[in-house]
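Participant: Starting off with a structure, shown below.
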Amino acid sequence: MKPRVLILYTGGTIGMEPSDRGYVPLRGFGRLLKEHLQARATHQLPDYELVELETLIDSANLTPSDWCRIGGEVIEQWDAYDGFVILHGTDTMAYTASALSFMLRGIDKPVILTGSQIPLTELRNDALDNLVTALMLAGDNRISEVCIFFDGRLLRGNRSTKLKSAGLDAFDSPNFPWLGQVGIHIDLQNNLLRPPGERDFRLPAYDPQAVTMVQIYPGISAQMIDSLLQPARVHGLILQTYGVGNPPNHNRELLRVLERAVERGKIIVNITQCIQGRIDQGAYATGSSLNSIGIIPGSDLTLEAAFTKLHTLLGTE
Ligand code: ASP
């Protein structure tokens, strides 16, 4: 029997059309896809159904409640399908992939996010190839996790990040090897794929104001960080420091602001501004100043994974 896959269309370039204001999401993506697949050998594809979310968005408009909209739909349909494809805008796809991985814990089916840099409505596009391969991957029972598939790369969802604004190879996972590579063949790294787990779903009650982030820059003031940490609804801060986790420790007031926030119960996670690498909070005196004031070293988390993980923990009882 052929696997059954649910395609969830949330918006994004893949399904957009030009307007006088630039690209906007288009309704009726299912019909358009059918037209494009007509000329192809679709017997190789899993059986699929396509559901359009009620509100289609440019993913720049995404908020944490959209993670629940998407995750909720997947959870509701979980038993009826063997795999899921989520069509999503590229701008915040890595946030959604990370959030979904923390919501859909211990899964035993593929959940593959994809999109494109050029809409399917354009003559030259990356939409059809990304979508067709994502569909095949969503029907592959060796995959039991949330992934991004884009331009021939199968990436762990919560390790992915968008690195290119215009290149078709827009995504990478700089701190983790690709889970698969698609050229003439679909080659999966079986040794890296997560084994099927015990299903443990959660739909957190996200407060969009709960987590904030700041990138340290030369000359940043303590007041700047203090103002981010003052609102009562802000419970967490992702602090992006230099290199292996170094803040400007000559700025004593800045360290005091962080320390006072931790004392008030705020959770502060330190991650690196570098594209690749991890935090080593004791390597330099600058970084070790954070150890004594309760800042959590965020290892090699991407910004997207750190942000959504903290959100998920704060939104979960
Ligand atoms: N702005 C678009 C979006 O994120 C970009 C894309 O899909 O590539 O929805």
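Residues in the structure tokens are numbered from 1 in each chain, the chains being A, B, ... in the order shown, and ligands are numbered from 1 in the order shown.
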Enumerate residues in contact with ligand 1: an atom-to-atom distance of at most 9 Å, counting only C-alpha atoms and all ligand atoms. Format the result as a VMD selection string.

Facilitator: chain A and resid 10 to 16 23 to 25 57 to 62 88 to 93 115 to 119 165 to 166 170

Participant: Based on DSSP run over this structure's backbone, return all residues of region 46-183 of chain A in strand (DSSP E or B), as a compact mmCIF listing (two decimals) with N, CA, C and O atoms, in the first residue's frame.

Facilitator:
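Output (result.txt):
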```
# COMPACT_ATOMS: atom_id res chain seq x y z
N ASP A 47 0.22 8.77 -1.89
CA ASP A 47 -1.10 9.40 -2.02
C ASP A 47 -1.10 10.63 -1.11
O ASP A 47 -0.57 10.55 0.01
N TYR A 48 -1.63 11.72 -1.61
CA TYR A 48 -1.60 12.90 -0.74
C TYR A 48 -2.94 13.63 -0.73
O TYR A 48 -3.73 13.54 -1.67
N GLU A 49 -3.18 14.33 0.35
CA GLU A 49 -4.29 15.28 0.42
C GLU A 49 -3.68 16.61 0.84
O GLU A 49 -2.67 16.63 1.54
N LEU A 50 -4.30 17.68 0.37
CA LEU A 50 -3.75 19.01 0.70
C LEU A 50 -4.78 19.83 1.46
O LEU A 50 -5.94 19.91 1.06
N VAL A 51 -4.35 20.38 2.57
CA VAL A 51 -5.22 21.25 3.37
C VAL A 51 -4.59 22.64 3.41
O VAL A 51 -3.40 22.78 3.68
N GLU A 52 -5.40 23.65 3.09
CA GLU A 52 -4.92 25.03 3.20
C GLU A 52 -5.34 25.59 4.54
O GLU A 52 -6.51 25.48 4.90
N LEU A 53 -4.43 26.19 5.26
CA LEU A 53 -4.82 26.83 6.51
C LEU A 53 -5.75 28.01 6.18
O LEU A 53 -5.68 28.60 5.10
N GLU A 54 -6.62 28.31 7.13
CA GLU A 54 -7.64 29.32 6.89
C GLU A 54 -7.00 30.67 6.52
O GLU A 54 -7.41 31.32 5.58
N THR A 55 -5.98 31.04 7.28
CA THR A 55 -5.28 32.30 6.96
C THR A 55 -3.91 31.95 6.39
O THR A 55 -3.10 31.32 7.07
N LEU A 56 -3.66 32.32 5.16
CA LEU A 56 -2.35 32.06 4.55
C LEU A 56 -1.47 33.27 4.80
O LEU A 56 -1.90 34.41 4.65
N ILE A 57 -0.22 33.01 5.20
CA ILE A 57 0.63 34.16 5.54
C ILE A 57 1.96 34.16 4.80
O ILE A 57 2.48 33.10 4.41
N GLY A 83 2.70 10.45 7.01
CA GLY A 83 3.72 11.51 7.04
C GLY A 83 3.08 12.84 6.69
O GLY A 83 1.93 12.90 6.22
N PHE A 84 3.83 13.91 6.93
CA PHE A 84 3.30 15.26 6.76
C PHE A 84 4.31 16.13 6.02
O PHE A 84 5.51 16.05 6.29
N VAL A 85 3.78 16.96 5.10
CA VAL A 85 4.59 18.01 4.46
C VAL A 85 3.98 19.34 4.86
O VAL A 85 2.76 19.52 4.74
N ILE A 86 4.81 20.24 5.34
CA ILE A 86 4.30 21.58 5.70
C ILE A 86 4.92 22.59 4.75
O ILE A 86 6.15 22.75 4.71
N LEU A 87 4.08 23.21 3.94
CA LEU A 87 4.55 24.23 2.99
C LEU A 87 4.55 25.56 3.72
O LEU A 87 3.50 26.00 4.20
N LEU A 104 6.19 18.15 18.93
CA LEU A 104 5.90 16.79 18.47
C LEU A 104 7.04 15.88 18.92
O LEU A 104 7.88 15.46 18.13
N ARG A 105 7.06 15.59 20.21
CA ARG A 105 8.18 14.81 20.74
C ARG A 105 7.93 13.32 20.56
O ARG A 105 6.80 12.85 20.59
N VAL A 111 7.86 14.51 9.46
CA VAL A 111 7.21 15.81 9.31
C VAL A 111 8.22 16.68 8.57
O VAL A 111 9.27 17.03 9.12
N ILE A 112 7.94 16.98 7.30
CA ILE A 112 8.93 17.65 6.45
C ILE A 112 8.44 19.04 6.08
O ILE A 112 7.39 19.19 5.45
N LEU A 113 9.21 20.05 6.49
CA LEU A 113 8.87 21.42 6.06
C LEU A 113 9.64 21.75 4.79
O LEU A 113 10.83 21.41 4.67
N THR A 114 8.94 22.39 3.87
CA THR A 114 9.63 22.89 2.69
C THR A 114 8.92 24.13 2.18
O THR A 114 7.86 24.52 2.68
N VAL A 146 11.13 15.88 12.79
CA VAL A 146 10.79 17.10 12.07
C VAL A 146 12.02 17.56 11.30
O VAL A 146 13.09 17.78 11.90
N CYS A 147 11.88 17.70 9.99
CA CYS A 147 13.03 18.07 9.14
C CYS A 147 12.65 19.24 8.24
O CYS A 147 11.48 19.49 7.99
N ILE A 148 13.68 19.90 7.74
CA ILE A 148 13.50 20.81 6.61
C ILE A 148 14.14 20.13 5.40
O ILE A 148 15.27 19.63 5.49
N PHE A 149 13.39 20.09 4.29
CA PHE A 149 14.02 19.66 3.05
C PHE A 149 14.05 20.86 2.12
O PHE A 149 13.02 21.51 1.88
N PHE A 150 15.22 21.16 1.58
CA PHE A 150 15.35 22.34 0.72
C PHE A 150 16.56 22.17 -0.18
O PHE A 150 17.66 21.89 0.30
N ARG A 153 18.83 19.16 0.28
CA ARG A 153 19.35 18.87 1.62
C ARG A 153 18.22 18.50 2.57
O ARG A 153 17.24 19.24 2.68
N LEU A 154 18.40 17.39 3.25
CA LEU A 154 17.48 17.04 4.33
C LEU A 154 18.18 17.40 5.63
O LEU A 154 19.26 16.88 5.94
N LEU A 155 17.57 18.33 6.38
CA LEU A 155 18.21 18.88 7.58
C LEU A 155 17.36 18.63 8.80
O LEU A 155 16.12 18.68 8.72
N ARG A 156 18.01 18.39 9.94
CA ARG A 156 17.25 18.29 11.20
C ARG A 156 16.59 19.65 11.46
O ARG A 156 17.27 20.69 11.43
N THR A 161 18.90 26.64 9.78
CA THR A 161 18.80 28.10 9.76
C THR A 161 18.82 28.57 8.31
O THR A 161 19.38 27.92 7.45
N LYS A 162 18.15 29.70 8.07
CA LYS A 162 18.18 30.26 6.71
C LYS A 162 19.43 31.11 6.57
O LYS A 162 19.62 32.07 7.31
N PHE A 171 19.02 27.01 2.97
CA PHE A 171 19.11 26.49 4.35
C PHE A 171 20.34 25.61 4.55
O PHE A 171 20.80 24.93 3.63
N ASP A 172 20.80 25.62 5.78
CA ASP A 172 21.88 24.70 6.16
C ASP A 172 21.72 24.41 7.65
O ASP A 172 20.91 25.05 8.34
N GLY A 180 20.40 13.93 5.00
CA GLY A 180 20.28 13.28 3.70
C GLY A 180 20.62 14.25 2.61
O GLY A 180 20.60 15.47 2.81
N GLN A 181 20.96 13.69 1.47
CA GLN A 181 21.31 14.51 0.32
C GLN A 181 20.61 13.93 -0.90
O GLN A 181 20.64 12.71 -1.11
N VAL A 182 20.00 14.80 -1.67
CA VAL A 182 19.23 14.32 -2.81
C VAL A 182 19.87 14.82 -4.09
O VAL A 182 19.97 16.03 -4.34
```

Participant: Rank nothing, just name the residue among A:Gly298, A:Gly287, A:Gly28, A:Pro195 nearest to Thr121 (chain A), using only C-alpha atoms.

Facilitator: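 Looking at the shortest contact to Thr121 (chain A), the residue is A:Gly28.
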
Participant: Leaving out region 64-69 of chain A and any residue of its chain fewer than 3 positions from it, which residues lie within 8 Å of it when counting only C-alpha atoms, given as a PDB file with all heavy atoms, in the first residue's frame?

Facilitator:
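Output saved as out.pdb:
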```pdb
ATOM      1  N   GLY A  72      -1.126  22.013  15.957  1.00  0.00           N
ATOM      2  CA  GLY A  72      -2.446  21.488  16.317  1.00  0.00           C
ATOM      3  C   GLY A  72      -3.056  20.697  15.173  1.00  0.00           C
ATOM      4  O   GLY A  72      -3.646  19.629  15.372  1.00  0.00           O
ATOM      5  N   GLU A  73      -2.913  21.222  13.963  1.00  0.00           N
ATOM      6  CA  GLU A  73      -3.453  20.543  12.783  1.00  0.00           C
ATOM      7  C   GLU A  73      -2.752  19.196  12.577  1.00  0.00           C
ATOM      8  O   GLU A  73      -3.382  18.181  12.300  1.00  0.00           O
ATOM      9  CB  GLU A  73      -3.251  21.454  11.559  1.00  0.00           C
ATOM     10  CG  GLU A  73      -3.893  20.974  10.287  1.00  0.00           C
ATOM     11  CD  GLU A  73      -5.419  21.065  10.293  1.00  0.00           C
ATOM     12  OE1 GLU A  73      -5.965  21.934  11.000  1.00  0.00           O
ATOM     13  OE2 GLU A  73      -6.038  20.224   9.601  1.00  0.00           O
ATOM     14  N   THR A  96       9.696  27.690  12.890  1.00  0.00           N
ATOM     15  CA  THR A  96       8.566  26.751  12.971  1.00  0.00           C
ATOM     16  C   THR A  96       9.070  25.313  13.077  1.00  0.00           C
ATOM     17  O   THR A  96       8.538  24.513  13.863  1.00  0.00           O
ATOM     18  CB  THR A  96       7.646  26.927  11.745  1.00  0.00           C
ATOM     19  OG1 THR A  96       7.156  28.268  11.760  1.00  0.00           O
ATOM     20  CG2 THR A  96       6.472  25.953  11.781  1.00  0.00           C
ATOM     21  N   ALA A  99      10.211  24.868  16.635  1.00  0.00           N
ATOM     22  CA  ALA A  99       9.073  24.816  17.565  1.00  0.00           C
ATOM     23  C   ALA A  99       8.338  23.484  17.422  1.00  0.00           C
ATOM     24  O   ALA A  99       7.994  22.846  18.430  1.00  0.00           O
ATOM     25  CB  ALA A  99       8.123  25.978  17.298  1.00  0.00           C
ATOM     26  N   LEU A 100       8.115  23.057  16.188  1.00  0.00           N
ATOM     27  CA  LEU A 100       7.386  21.780  15.993  1.00  0.00           C
ATOM     28  C   LEU A 100       8.157  20.606  16.585  1.00  0.00           C
ATOM     29  O   LEU A 100       7.573  19.678  17.132  1.00  0.00           O
ATOM     30  CB  LEU A 100       7.125  21.536  14.503  1.00  0.00           C
ATOM     31  CG  LEU A 100       6.050  22.412  13.856  1.00  0.00           C
ATOM     32  CD1 LEU A 100       5.954  22.116  12.364  1.00  0.00           C
ATOM     33  CD2 LEU A 100       4.683  22.194  14.507  1.00  0.00           C
ATOM     34  N   LEU A 203       1.007  21.062  23.242  1.00  0.00           N
ATOM     35  CA  LEU A 203       0.678  22.330  22.577  1.00  0.00           C
ATOM     36  C   LEU A 203       0.814  23.426  23.629  1.00  0.00           C
ATOM     37  O   LEU A 203      -0.115  23.682  24.387  1.00  0.00           O
ATOM     38  CB  LEU A 203      -0.764  22.303  22.052  1.00  0.00           C
ATOM     39  CG  LEU A 203      -1.005  21.727  20.665  1.00  0.00           C
ATOM     40  CD1 LEU A 203      -2.471  21.855  20.281  1.00  0.00           C
ATOM     41  CD2 LEU A 203      -0.133  22.396  19.606  1.00  0.00           C
ATOM     42  N   PRO A 204       1.966  24.051  23.719  1.00  0.00           N
ATOM     43  CA  PRO A 204       2.185  25.035  24.776  1.00  0.00           C
ATOM     44  C   PRO A 204       1.247  26.239  24.646  1.00  0.00           C
ATOM     45  O   PRO A 204       0.774  26.542  23.554  1.00  0.00           O
ATOM     46  CB  PRO A 204       3.636  25.480  24.561  1.00  0.00           C
ATOM     47  CG  PRO A 204       4.249  24.443  23.697  1.00  0.00           C
ATOM     48  CD  PRO A 204       3.147  23.890  22.853  1.00  0.00           C
ATOM     49  N   TYR A 206       1.642  29.560  24.374  1.00  0.00           N
ATOM     50  CA  TYR A 206       2.700  30.549  24.147  1.00  0.00           C
ATOM     51  C   TYR A 206       2.219  31.957  24.461  1.00  0.00           C
ATOM     52  O   TYR A 206       1.139  32.355  24.024  1.00  0.00           O
ATOM     53  CB  TYR A 206       3.131  30.538  22.669  1.00  0.00           C
ATOM     54  CG  TYR A 206       3.840  29.303  22.226  1.00  0.00           C
ATOM     55  CD1 TYR A 206       3.261  28.465  21.274  1.00  0.00           C
ATOM     56  CD2 TYR A 206       5.096  28.966  22.707  1.00  0.00           C
ATOM     57  CE1 TYR A 206       3.912  27.321  20.831  1.00  0.00           C
ATOM     58  CE2 TYR A 206       5.746  27.831  22.275  1.00  0.00           C
ATOM     59  CZ  TYR A 206       5.160  27.015  21.333  1.00  0.00           C
ATOM     60  OH  TYR A 206       5.800  25.896  20.905  1.00  0.00           O
ATOM     61  N   ASP A 207       3.025  32.708  25.187  1.00  0.00           N
ATOM     62  CA  ASP A 207       2.808  34.145  25.312  1.00  0.00           C
ATOM     63  C   ASP A 207       3.849  34.787  24.393  1.00  0.00           C
ATOM     64  O   ASP A 207       5.062  34.656  24.635  1.00  0.00           O
ATOM     65  CB  ASP A 207       3.031  34.594  26.769  1.00  0.00           C
ATOM     66  CG  ASP A 207       2.933  36.116  26.902  1.00  0.00           C
ATOM     67  OD1 ASP A 207       2.797  36.808  25.867  1.00  0.00           O
ATOM     68  OD2 ASP A 207       2.998  36.596  28.041  1.00  0.00           O
ATOM     69  N   PRO A 208       3.418  35.481  23.342  1.00  0.00           N
ATOM     70  CA  PRO A 208       4.386  36.020  22.381  1.00  0.00           C
ATOM     71  C   PRO A 208       5.399  36.977  23.001  1.00  0.00           C
ATOM     72  O   PRO A 208       6.469  37.196  22.431  1.00  0.00           O
ATOM     73  CB  PRO A 208       3.511  36.732  21.341  1.00  0.00           C
ATOM     74  CG  PRO A 208       2.175  36.882  21.968  1.00  0.00           C
ATOM     75  CD  PRO A 208       2.032  35.790  22.983  1.00  0.00           C
TER      76      PRO A 208
END
```

Participant: Counting only C-alpha atoms, which of A:Val5, A:Ala283, A:Ala41, A:Ile295 gets nearest to Leu135 (chain A)?

Facilitator: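 Once distances to Leu135 (chain A) are computed over only C-alpha atoms, the minimum belongs to A:Val5.
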
Participant: Mind listing the alpha helix (DSSP H) residues of region 136-290 of chain A, per DSSP on the backbone, as a list in words?

Facilitator: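 The alpha helix (DSSP H) subset of region 136-290 of chain A is Met136, Leu137, Ala138, Ala222, Gln223, Met224, Ile225, Asp226, Ser227, Leu228, Leu229, Arg252, Glu253, Leu254, Leu255, Arg256, Val257, Leu258, Glu259, Arg260, Ala261, Val262, Glu263, Ala285, Thr286, Gly287 and Ser288 of chain A.
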
Participant: Record the distance separating CA of Leu8 (chain A) and CA of Asp140 (chain A), expressed in Å with one decimal.

Facilitator: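 Spanning CA of Leu8 (chain A) to CA of Asp140 (chain A) is a straight-line distance of 17.5 Å.
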
Participant: Do you have the CA of Ser221 (chain A)-CA of Thr302 (chain A) distance handy?

Facilitator: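 Calculated distance between CA of Ser221 (chain A) and CA of Thr302 (chain A) is 24.5 Å.
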
Participant: Select from region 93-131 of chain A every residue with an atom at most 10 Å from any atom of region 77-82 of chain A, then for each give the shortest pair of atoms and their distance in Å to one decimal, using only C-alpha atoms, rows by chain and rising number, as JSON lines.

Facilitator:
```
{"residue": "A:Ile107", "atom": "CA", "partner": "A:Trp78", "partner_atom": "CA", "distance": 9.9}
{"residue": "A:Asp108", "atom": "CA", "partner": "A:Asp82", "partner_atom": "CA", "distance": 9.1}
{"residue": "A:Lys109", "atom": "CA", "partner": "A:Asp82", "partner_atom": "CA", "distance": 6.2}
{"residue": "A:Pro110", "atom": "CA", "partner": "A:Asp82", "partner_atom": "CA", "distance": 7.6}
{"residue": "A:Val111", "atom": "CA", "partner": "A:Asp82", "partner_atom": "CA", "distance": 9.5}
```

Participant: Take the residues just selected and output them with N, CA, C and O atoms as an mmCIF file, in the first residue's frame.

Facilitator:
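Saved result, out-v1.cif, follows:
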```cif
data_model
loop_
_atom_site.group_PDB
_atom_site.id
_atom_site.type_symbol
_atom_site.label_atom_id
_atom_site.label_comp_id
_atom_site.auth_asym_id
_atom_site.auth_seq_id
_atom_site.Cartn_x
_atom_site.Cartn_y
_atom_site.Cartn_z
ATOM 1 N N ILE A 107 8.226 11.295 17.946
ATOM 2 C CA ILE A 107 7.356 10.885 16.838
ATOM 3 C C ILE A 107 7.932 9.693 16.089
ATOM 4 O O ILE A 107 9.126 9.370 16.217
ATOM 5 N N ASP A 108 7.063 9.026 15.329
ATOM 6 C CA ASP A 108 7.490 7.855 14.570
ATOM 7 C C ASP A 108 7.116 7.991 13.091
ATOM 8 O O ASP A 108 6.960 6.999 12.389
ATOM 9 N N LYS A 109 6.938 9.255 12.659
ATOM 10 C CA LYS A 109 6.610 9.525 11.252
ATOM 11 C C LYS A 109 7.371 10.778 10.817
ATOM 12 O O LYS A 109 7.708 11.604 11.667
ATOM 13 N N PRO A 110 7.565 10.939 9.492
ATOM 14 C CA PRO A 110 8.243 12.161 9.023
ATOM 15 C C PRO A 110 7.324 13.380 9.032
ATOM 16 O O PRO A 110 6.155 13.277 8.654
ATOM 17 N N VAL A 111 7.865 14.511 9.460
ATOM 18 C CA VAL A 111 7.205 15.809 9.309
ATOM 19 C C VAL A 111 8.223 16.676 8.572
ATOM 20 O O VAL A 111 9.267 17.033 9.121
#
```
